[in-house]
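Below is entry.cif, holding mmCIF, C-alpha atoms and all ligand atoms.
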```
data_final
#
loop_
_atom_site.group_PDB
_atom_site.id
_atom_site.type_symbol
_atom_site.label_atom_id
_atom_site.label_comp_id
_atom_site.auth_asym_id
_atom_site.auth_seq_id
_atom_site.Cartn_x
_atom_site.Cartn_y
_atom_site.Cartn_z
ATOM 1 C CA MET I 1 -0.267 11.283 -11.349
ATOM 2 C CA ALA I 2 -0.551 8.044 -13.222
ATOM 3 C CA GLU I 3 -2.881 9.237 -15.922
ATOM 4 C CA ASN I 4 -1.268 7.629 -18.943
ATOM 5 C CA ASP I 5 0.939 4.784 -19.970
ATOM 6 C CA ASP I 6 3.989 6.326 -21.600
ATOM 7 C CA VAL I 7 6.114 5.785 -18.470
ATOM 8 C CA PRO I 8 6.961 2.223 -17.307
ATOM 9 C CA PHE I 9 5.371 2.613 -13.882
ATOM 10 C CA ASN I 10 5.732 -0.144 -11.303
ATOM 11 C CA ARG I 11 2.925 -0.369 -8.743
ATOM 12 C CA ASP I 12 4.036 -3.725 -7.370
ATOM 13 C CA PHE I 13 4.942 -2.816 -3.794
ATOM 14 C CA PRO I 14 3.797 -5.459 -1.297
ATOM 15 C CA LEU I 15 5.554 -3.912 1.753
ATOM 16 C CA LYS I 16 3.187 -3.737 4.759
ATOM 17 C CA PRO I 17 3.123 -0.778 7.183
ATOM 18 C CA GLY I 18 5.449 -1.067 10.179
ATOM 19 C CA VAL I 19 7.457 -3.996 8.771
ATOM 20 C CA VAL I 20 11.254 -3.553 8.678
ATOM 21 C CA ASP I 21 12.484 -4.477 5.208
ATOM 22 C CA ASN I 22 16.197 -4.891 4.389
ATOM 23 C CA VAL I 23 16.124 -3.455 0.891
ATOM 24 C CA ARG I 24 19.943 -3.517 0.512
ATOM 25 C CA PRO I 25 22.756 -4.367 2.955
ATOM 26 C CA GLY I 26 22.812 -1.536 5.491
ATOM 27 C CA ILE I 27 19.561 -0.012 4.214
ATOM 28 C CA ARG I 28 16.253 -0.702 5.903
ATOM 29 C CA ARG I 29 12.878 0.756 4.940
ATOM 30 C CA ILE I 30 9.606 1.045 6.833
ATOM 31 C CA LEU I 31 6.262 2.016 5.300
ATOM 32 C CA CYS I 32 4.000 4.424 7.187
ATOM 33 C CA GLU I 33 0.271 3.721 7.128
ATOM 34 C CA ASN I 34 -0.790 6.903 5.293
ATOM 35 C CA PRO I 35 -2.093 5.649 1.926
ATOM 36 C CA SER I 36 -3.839 8.163 -0.368
ATOM 37 C CA PRO I 37 -4.078 9.082 -4.065
ATOM 38 C CA PHE I 38 -1.032 11.331 -3.467
ATOM 39 C CA THR I 39 1.095 8.983 -1.304
ATOM 40 C CA PHE I 40 0.329 5.608 -2.965
ATOM 41 C CA THR I 41 0.609 2.977 -0.160
ATOM 42 C CA GLY I 42 2.155 5.555 2.195
ATOM 43 C CA THR I 43 5.453 7.263 2.945
ATOM 44 C CA VAL I 44 8.612 5.130 2.988
ATOM 45 C CA SER I 45 11.213 6.016 5.650
ATOM 46 C CA TYR I 46 14.781 4.699 5.352
ATOM 47 C CA ILE I 47 17.335 3.693 7.979
ATOM 48 C CA VAL I 48 20.901 3.989 6.682
ATOM 49 C CA GLY I 49 23.821 2.195 8.343
ATOM 50 C CA THR I 50 24.107 -0.195 11.253
ATOM 51 C CA GLY I 51 24.852 0.638 14.889
ATOM 52 C CA LYS I 52 25.043 4.391 14.333
ATOM 53 C CA VAL I 53 22.385 5.205 11.792
ATOM 54 C CA ALA I 54 20.633 7.937 9.833
ATOM 55 C CA ILE I 55 16.888 8.074 9.301
ATOM 56 C CA ILE I 56 15.739 9.587 6.004
ATOM 57 C CA ASP I 57 12.233 11.163 6.001
ATOM 58 C CA PRO I 58 10.629 10.259 9.363
ATOM 59 C CA GLY I 59 7.235 10.737 7.717
ATOM 60 C CA PRO I 60 3.963 12.413 8.661
ATOM 61 C CA ASP I 61 2.833 13.314 12.171
ATOM 62 C CA ASN I 62 2.199 9.665 13.061
ATOM 63 C CA GLU I 63 2.961 8.168 16.465
ATOM 64 C CA ALA I 64 2.730 4.522 15.364
ATOM 65 C CA HIS I 65 5.233 5.114 12.555
ATOM 66 C CA ALA I 66 7.655 6.892 14.907
ATOM 67 C CA ALA I 67 7.340 3.938 17.316
ATOM 68 C CA ALA I 68 8.043 1.480 14.466
ATOM 69 C CA LEU I 69 11.153 3.426 13.412
ATOM 70 C CA LEU I 70 12.439 3.676 16.982
ATOM 71 C CA ASP I 71 11.727 -0.003 17.583
ATOM 72 C CA ALA I 72 13.720 -0.917 14.462
ATOM 73 C CA VAL I 73 16.787 0.896 15.886
ATOM 74 C CA ARG I 74 16.276 0.121 19.562
ATOM 75 C CA ASN I 75 19.811 -1.139 20.247
ATOM 76 C CA GLU I 76 21.390 1.415 17.921
ATOM 77 C CA THR I 77 22.084 5.151 17.962
ATOM 78 C CA VAL I 78 20.352 7.528 15.569
ATOM 79 C CA THR I 79 22.993 10.176 14.805
ATOM 80 C CA HIS I 80 21.358 11.880 11.796
ATOM 81 C CA ILE I 81 17.890 12.677 10.509
ATOM 82 C CA LEU I 82 17.844 13.637 6.815
ATOM 83 C CA VAL I 83 14.768 15.225 5.260
ATOM 84 C CA THR I 84 14.280 15.338 1.475
ATOM 85 C CA HIS I 85 11.600 18.061 1.530
ATOM 86 C CA THR I 86 9.028 19.836 3.681
ATOM 87 C CA HIS I 87 5.751 18.162 2.792
ATOM 88 C CA ARG I 88 3.462 16.947 5.539
ATOM 89 C CA ASP I 89 3.902 13.300 4.556
ATOM 90 C CA HIS I 90 7.726 13.499 4.995
ATOM 91 C CA SER I 91 8.955 15.949 7.652
ATOM 92 C CA PRO I 92 6.551 16.379 10.637
ATOM 93 C CA ASN I 93 7.590 13.149 12.437
ATOM 94 C CA THR I 94 11.138 14.559 12.584
ATOM 95 C CA ALA I 95 10.186 16.283 15.859
ATOM 96 C CA ARG I 96 9.287 12.936 17.496
ATOM 97 C CA ILE I 97 12.427 11.128 16.311
ATOM 98 C CA LYS I 98 14.647 14.035 17.331
ATOM 99 C CA ALA I 99 13.032 14.243 20.783
ATOM 100 C CA ALA I 100 13.553 10.510 21.299
ATOM 101 C CA THR I 101 17.118 10.278 19.961
ATOM 102 C CA GLY I 102 18.747 13.729 20.058
ATOM 103 C CA ALA I 103 19.843 13.244 16.444
ATOM 104 C CA THR I 104 20.875 16.234 14.323
ATOM 105 C CA VAL I 105 18.438 17.211 11.568
ATOM 106 C CA TYR I 106 19.784 17.896 8.063
ATOM 107 C CA ALA I 107 17.754 19.444 5.223
ATOM 108 C CA GLU I 108 18.015 22.217 2.657
ATOM 109 C CA GLY I 109 16.004 24.647 4.763
ATOM 110 C CA PRO I 110 12.497 25.514 5.920
ATOM 111 C CA HIS I 111 9.612 25.399 3.454
ATOM 112 C CA ARG I 112 9.622 28.086 0.785
ATOM 113 C CA ALA I 113 7.947 28.718 -2.553
ATOM 114 C CA SER I 114 9.844 28.468 -5.842
ATOM 115 C CA ARG I 115 8.963 32.087 -6.629
ATOM 116 C CA PRO I 116 7.206 34.995 -4.867
ATOM 117 C CA ARG I 117 3.448 34.619 -4.646
ATOM 118 C CA TYR I 118 1.532 36.845 -7.100
ATOM 119 C CA GLU I 119 -0.842 39.424 -5.680
ATOM 120 C CA SER I 120 -3.755 37.753 -7.456
ATOM 121 C CA GLU I 121 -2.830 34.285 -6.205
ATOM 122 C CA LYS I 122 -4.490 32.546 -3.293
ATOM 123 C CA HIS I 123 -2.689 30.019 -1.126
ATOM 124 C CA ASN I 124 -2.442 26.726 -2.984
ATOM 125 C CA PRO I 125 -4.524 24.251 -0.965
ATOM 126 C CA GLU I 126 -2.879 21.277 -2.702
ATOM 127 C CA SER I 127 0.594 22.067 -1.495
ATOM 128 C CA GLY I 128 0.599 20.139 1.815
ATOM 129 C CA ALA I 129 3.521 22.181 3.103
ATOM 130 C CA ASP I 130 5.008 21.614 6.564
ATOM 131 C CA ARG I 131 5.726 25.206 7.573
ATOM 132 C CA ASP I 132 6.815 24.267 11.122
ATOM 133 C CA PHE I 133 9.911 22.357 10.007
ATOM 134 C CA MET I 134 13.393 23.803 10.605
ATOM 135 C CA PRO I 135 16.621 21.795 10.165
ATOM 136 C CA ASP I 136 19.501 21.999 12.638
ATOM 137 C CA ILE I 137 21.934 22.065 9.707
ATOM 138 C CA ALA I 138 21.073 23.672 6.364
ATOM 139 C CA VAL I 139 22.613 21.491 3.653
ATOM 140 C CA ARG I 140 23.837 22.868 0.332
ATOM 141 C CA ASP I 141 23.986 21.200 -3.047
ATOM 142 C CA GLY I 142 27.002 18.908 -3.291
ATOM 143 C CA GLU I 143 27.727 18.740 0.434
ATOM 144 C CA THR I 144 28.530 15.342 1.871
ATOM 145 C CA ILE I 145 26.973 14.220 5.144
ATOM 146 C CA GLU I 146 29.057 11.532 6.787
ATOM 147 C CA GLY I 147 28.114 8.987 9.387
ATOM 148 C CA SER I 148 29.419 5.674 10.625
ATOM 149 C CA GLY I 149 29.973 3.559 7.503
ATOM 150 C CA TRP I 150 28.084 5.805 5.103
ATOM 151 C CA ALA I 151 28.541 9.100 3.258
ATOM 152 C CA LEU I 152 25.620 10.718 1.467
ATOM 153 C CA GLN I 153 25.929 13.612 -0.946
ATOM 154 C CA ALA I 154 23.108 16.174 -1.077
ATOM 155 C CA VAL I 155 21.836 16.751 -4.609
ATOM 156 C CA ALA I 156 19.618 19.834 -4.870
ATOM 157 C CA THR I 157 16.603 18.708 -6.898
ATOM 158 C CA PRO I 158 14.074 21.565 -6.783
ATOM 159 C CA GLY I 159 10.806 21.233 -8.689
ATOM 160 C CA HIS I 160 8.420 19.174 -6.532
ATOM 161 C CA THR I 161 9.323 21.673 -3.808
ATOM 162 C CA ALA I 162 11.930 24.442 -3.915
ATOM 163 C CA ASN I 163 13.913 22.835 -1.072
ATOM 164 C CA HIS I 164 13.903 19.249 -2.347
ATOM 165 C CA LEU I 165 17.135 17.266 -1.899
ATOM 166 C CA ALA I 166 18.086 13.835 -3.129
ATOM 167 C CA PHE I 167 20.785 12.034 -1.152
ATOM 168 C CA ALA I 168 23.245 10.154 -3.344
ATOM 169 C CA TRP I 169 25.417 7.393 -1.918
ATOM 170 C CA PRO I 170 28.203 7.302 -4.537
ATOM 171 C CA ASP I 171 30.115 4.396 -2.935
ATOM 172 C CA ARG I 172 27.009 2.277 -3.217
ATOM 173 C CA ASN I 173 25.921 3.593 -6.608
ATOM 174 C CA LEU I 174 22.447 4.503 -5.340
ATOM 175 C CA SER I 175 20.336 7.545 -4.486
ATOM 176 C CA PHE I 176 17.516 8.338 -2.093
ATOM 177 C CA VAL I 177 15.398 10.455 -4.418
ATOM 178 C CA GLY I 178 12.454 11.488 -2.202
ATOM 179 C CA ASP I 179 9.433 12.587 -4.244
ATOM 180 C CA HIS I 180 11.503 13.905 -7.140
ATOM 181 C CA VAL I 181 11.348 10.503 -8.856
ATOM 182 C CA MET I 182 8.820 7.792 -7.969
ATOM 183 C CA GLY I 183 8.327 4.420 -9.648
ATOM 184 C CA TRP I 184 4.557 4.243 -9.110
ATOM 185 C CA SER I 185 3.632 7.640 -10.590
ATOM 186 C CA THR I 186 4.860 10.989 -11.809
ATOM 187 C CA SER I 187 5.515 13.691 -9.197
ATOM 188 C CA ILE I 188 3.191 16.584 -8.494
ATOM 189 C CA VAL I 189 4.631 19.912 -9.607
ATOM 190 C CA ALA I 190 2.294 22.638 -8.308
ATOM 191 C CA PRO I 191 3.233 26.335 -8.419
ATOM 192 C CA PRO I 192 4.145 28.364 -6.532
ATOM 193 C CA ASP I 193 5.676 25.720 -4.225
ATOM 194 C CA GLY I 194 6.747 23.701 -7.229
ATOM 195 C CA SER I 195 8.281 24.774 -10.528
ATOM 196 C CA MET I 196 8.269 22.909 -13.857
ATOM 197 C CA ILE I 197 11.434 24.576 -15.144
ATOM 198 C CA ASP I 198 13.289 23.585 -11.946
ATOM 199 C CA TYR I 199 11.783 20.096 -12.003
ATOM 200 C CA MET I 200 12.924 19.427 -15.589
ATOM 201 C CA ALA I 201 16.424 20.722 -14.830
ATOM 202 C CA SER I 202 16.558 18.511 -11.708
ATOM 203 C CA LEU I 203 15.545 15.450 -13.746
ATOM 204 C CA GLU I 204 18.408 16.136 -16.186
ATOM 205 C CA LYS I 205 20.801 16.675 -13.283
ATOM 206 C CA LEU I 206 19.899 13.408 -11.564
ATOM 207 C CA ALA I 207 19.960 11.368 -14.771
ATOM 208 C CA ALA I 208 23.454 12.667 -15.565
ATOM 209 C CA ARG I 209 24.826 11.270 -12.296
ATOM 210 C CA PRO I 210 26.309 7.762 -12.131
ATOM 211 C CA GLU I 211 24.044 6.381 -9.377
ATOM 212 C CA ASP I 212 21.515 4.095 -11.035
ATOM 213 C CA PHE I 213 19.512 2.526 -8.190
ATOM 214 C CA TYR I 214 16.843 4.844 -6.751
ATOM 215 C CA LEU I 215 14.945 4.599 -3.487
ATOM 216 C CA SER I 216 11.859 6.831 -3.407
ATOM 217 C CA GLY I 217 9.624 8.476 -0.843
ATOM 218 C CA HIS I 218 6.714 6.340 -2.057
ATOM 219 C CA GLY I 219 6.518 2.996 -3.794
ATOM 220 C CA PRO I 220 9.129 0.488 -4.946
ATOM 221 C CA GLU I 221 12.827 0.910 -5.712
ATOM 222 C CA ILE I 222 13.764 1.916 -9.270
ATOM 223 C CA PRO I 223 16.515 -0.363 -10.671
ATOM 224 C CA ASP I 224 17.591 1.699 -13.709
ATOM 225 C CA GLY I 225 16.999 5.232 -12.404
ATOM 226 C CA PRO I 226 18.544 7.369 -15.184
ATOM 227 C CA ARG I 227 16.711 5.406 -17.890
ATOM 228 C CA TYR I 228 13.420 5.803 -15.987
ATOM 229 C CA VAL I 229 14.071 9.547 -15.628
ATOM 230 C CA ARG I 230 14.395 9.780 -19.436
ATOM 231 C CA PHE I 231 10.826 8.428 -19.643
ATOM 232 C CA LEU I 232 9.675 11.074 -17.155
ATOM 233 C CA ILE I 233 11.316 13.840 -19.208
ATOM 234 C CA ARG I 234 9.649 12.587 -22.400
ATOM 235 C CA HIS I 235 6.322 12.345 -20.541
ATOM 236 C CA ARG I 236 6.497 16.023 -19.544
ATOM 237 C CA GLN I 237 7.511 17.022 -23.065
ATOM 238 C CA ALA I 238 4.463 15.151 -24.375
ATOM 239 C CA ARG I 239 2.255 16.869 -21.784
ATOM 240 C CA GLU I 240 3.581 20.237 -22.900
ATOM 241 C CA ALA I 241 2.821 19.301 -26.524
ATOM 242 C CA SER I 242 -0.795 18.407 -25.617
ATOM 243 C CA ILE I 243 -1.231 21.744 -23.859
ATOM 244 C CA LEU I 244 0.087 23.583 -26.923
ATOM 245 C CA HIS I 245 -2.204 21.456 -29.100
ATOM 246 C CA ARG I 246 -5.244 22.572 -27.033
ATOM 247 C CA LEU I 247 -4.148 26.203 -27.173
ATOM 248 C CA ALA I 248 -3.739 25.975 -30.959
ATOM 249 C CA LYS I 249 -7.540 25.517 -31.073
ATOM 250 C CA GLY I 250 -8.069 28.826 -29.308
ATOM 251 C CA GLU I 251 -7.933 30.589 -25.967
ATOM 252 C CA THR I 252 -8.902 28.399 -23.032
ATOM 253 C CA ASP I 253 -8.694 27.963 -19.257
ATOM 254 C CA ILE I 254 -7.078 25.317 -17.046
ATOM 255 C CA PRO I 255 -10.218 23.300 -16.089
ATOM 256 C CA THR I 256 -11.055 22.905 -19.802
ATOM 257 C CA MET I 257 -7.531 21.731 -20.577
ATOM 258 C CA VAL I 258 -7.586 19.227 -17.677
ATOM 259 C CA ARG I 259 -10.853 17.729 -18.973
ATOM 260 C CA ALA I 260 -9.394 17.387 -22.470
ATOM 261 C CA ILE I 261 -5.961 16.053 -21.503
ATOM 262 C CA TYR I 262 -6.439 13.979 -18.337
ATOM 263 C CA ILE I 263 -9.008 11.477 -19.630
ATOM 264 C CA GLY I 264 -10.192 9.058 -16.950
ATOM 265 C CA ILE I 265 -8.287 10.711 -14.107
ATOM 266 C CA ASP I 266 -9.193 9.904 -10.475
ATOM 267 C CA PRO I 267 -11.556 12.810 -9.578
ATOM 268 C CA ARG I 268 -9.590 13.343 -6.342
ATOM 269 C CA LEU I 269 -6.572 14.295 -8.486
ATOM 270 C CA THR I 270 -8.315 16.871 -10.703
ATOM 271 C CA GLY I 271 -7.114 19.773 -8.543
ATOM 272 C CA ALA I 272 -3.518 18.549 -8.644
ATOM 273 C CA ALA I 273 -3.789 18.032 -12.415
ATOM 274 C CA GLY I 274 -4.838 21.676 -12.738
ATOM 275 C CA TYR I 275 -1.722 22.793 -10.882
ATOM 276 C CA SER I 276 0.392 20.512 -13.064
ATOM 277 C CA VAL I 277 -1.017 22.227 -16.172
ATOM 278 C CA LEU I 278 -0.396 25.585 -14.485
ATOM 279 C CA ALA I 279 3.244 24.549 -13.930
ATOM 280 C CA HIS I 280 3.636 23.929 -17.674
ATOM 281 C CA LEU I 281 1.842 27.190 -18.548
ATOM 282 C CA GLU I 282 4.039 29.178 -16.168
ATOM 283 C CA ASP I 283 7.075 27.733 -17.934
ATOM 284 C CA LEU I 284 5.577 28.394 -21.422
ATOM 285 C CA VAL I 285 4.648 31.990 -20.521
ATOM 286 C CA GLY I 286 8.190 32.499 -19.212
ATOM 287 C CA ARG I 287 9.555 31.264 -22.546
ATOM 288 C CA GLY I 288 7.230 33.620 -24.474
ATOM 289 C CA ILE I 289 5.334 30.771 -26.178
ATOM 290 C CA VAL I 290 2.028 31.275 -24.348
ATOM 291 C CA ALA I 291 0.296 34.510 -23.269
ATOM 292 C CA THR I 292 -2.171 35.303 -20.498
ATOM 293 C CA ASP I 293 -3.598 38.476 -18.981
ATOM 294 C CA GLY I 294 -1.518 39.394 -15.942
ATOM 295 C CA ASP I 295 0.397 36.731 -14.049
ATOM 296 C CA PRO I 296 0.007 33.045 -14.955
ATOM 297 C CA VAL I 297 -2.421 31.844 -12.274
ATOM 298 C CA ILE I 298 -4.761 28.876 -11.788
ATOM 299 C CA GLY I 299 -7.886 30.887 -12.748
ATOM 300 C CA GLY I 300 -6.366 32.560 -15.819
ATOM 301 C CA THR I 301 -7.154 32.149 -19.517
ATOM 302 C CA TYR I 302 -4.332 31.232 -21.866
ATOM 303 C CA ARG I 303 -3.587 31.547 -25.574
ATOM 304 C CA LEU I 304 -0.637 31.030 -27.904
ATOM 305 C CA ALA I 305 1.548 34.130 -27.979
ATOM 306 C CA ALA I 306 1.413 36.046 -31.240
ATOM 307 C CA ALA I 307 4.382 34.882 -33.322
HETATM 308 ZN ZN ZN A 401 5.583 12.505 -0.409
#
```
Starting from the file, lay out its structure as structure tokens.
Amino acid sequence: MAENDDVPFNRDFPLKPGVVDNVRPGIRRILCENPSPFTFTGTVSYIVGTGKVAIIDPGPDNEAHAAALLDAVRNETVTHILVTHTHRDHSPNTARIKAATGATVYAEGPHRASRPRYESEKHNPESGADRDFMPDIAVRDGETIEGSGWALQAVATPGHTANHLAFAWPDRNLSFVGDHVMGWSTSIVAPPDGSMIDYMASLEKLAARPEDFYLSGHGPEIPDGPRYVRFLIRHRQAREASILHRLAKGETDIPTMVRAIYIGIDPRLTGAAGYSVLAHLEDLVGRGIVATDGDPVIGGTYRLAAA
């Protein structure tokens, strides 16, 4: 969520839905028409290679977008479909592209939460999970997927979802980073599907790699990826500090903290902001810095742990 200015966001992304854009030699991108406060202008699908190609993130259940992707590769063969994570704006169209092309589907695995659901916890309505998705090939961290003229290395980047993968292309010094890193906004980290501790570790992991040109699931390319990720890490550290600052004034709940911290936020994002605060609190409770009664849940009250 783009609620403050400490990260150098770039919202300049003039790409129109359905238009094939050659973002780099051998890399095409097509925007799906599914704009929203969560997806920015929509989901960006990528076509990697020429002749025999891979499609990364076929997008939401959207017939027009599937037709645009298939039209873009009409004299070519789709050999691979790669999916970064199982959210409904990324994976459902896989079924259409697979049916039309017979391509093999690669992803980390079906949707899963980052931790077991607590007894007291309801289903998180913000999660947008695609629970129908199942890859043909389950890809592990570090594995290389090879096609005609390209080789992509899977980089496990849990946090936004537990099964999130980035796909690095070391020979080209670039990475397809899905929703783990986006130029237009921060990523949503909403427990139990998401995890702040995993997300922060995945940011460090990505920034330590040599690839420095990022292509995201939404919005424009990121030219100096590792430097941008450092801003994201500092942003989350600052968010954690504001939460601790609120708690230093006394016991409080998540809606109160959201009102105090997310000044001027789009009202449609208030729910997601609450889960973002919960993600920090879950991490802080785990580290023994914050206390709550029972499990850390969205409806709980929180206080600083007795020193
Ligand atoms: Zn997305």
Checklist line | Between atom CA of I:Leu215 and atom CA of I:Arg140, distance in Å (one decimal) | finding: 20.7 Å
Using only the atoms of stretch 7-17 of chain I listed in the file, plus 3 Å on each side, state the axis-aligned box centre and edge lengths in Å rounded to one decimal, as JSON.
```
{"center_x": 4.9, "center_y": 0.2, "center_z": -5.6, "size_x": 10.0, "size_y": 17.2, "size_z": 31.7}
```
Margin query: Counting only C-alpha atoms and all ligand atoms, what are the residues, protein, DNA or RNA alike, that approach ligand ZN 401 (chain A) to within 8 Å? I want them as an MDAnalysis selection string.
Written below: chainID I and resid 38:39 43 87:90 178:179 217:218
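Every residue that the PyMOL selection byres (((chain I and resi 18) around 8) and not hetatm) selects in this file is listed here: I:Lys16, I:Pro17, I:Val19, I:Val20, I:Ile30, I:Leu31, I:Cys32, I:Glu33, I:His65, I:Ala68, I:Leu69.
Interatomic distance, atom CA of I:His85 against atom CA of I:Ala166: 9.0 Å.
When all atoms listed in the file are used to compute distances to I:Ile55, the closest of the residues I:Gly147, I:Pro255, I:Pro37, I:Gly250 turns out to be I:Gly147.
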Margin query: Excluding stretch 280-295 of chain I and its own-chain neighbours fewer than 2 positions away, which residues fall within 12 Å of it when counting all atoms listed in the file? Please give them as a PyMOL selection string.
Written below: chain I and resi 114-121+159+188-192+194-200+236-248+250-254+257+273-278+297-307
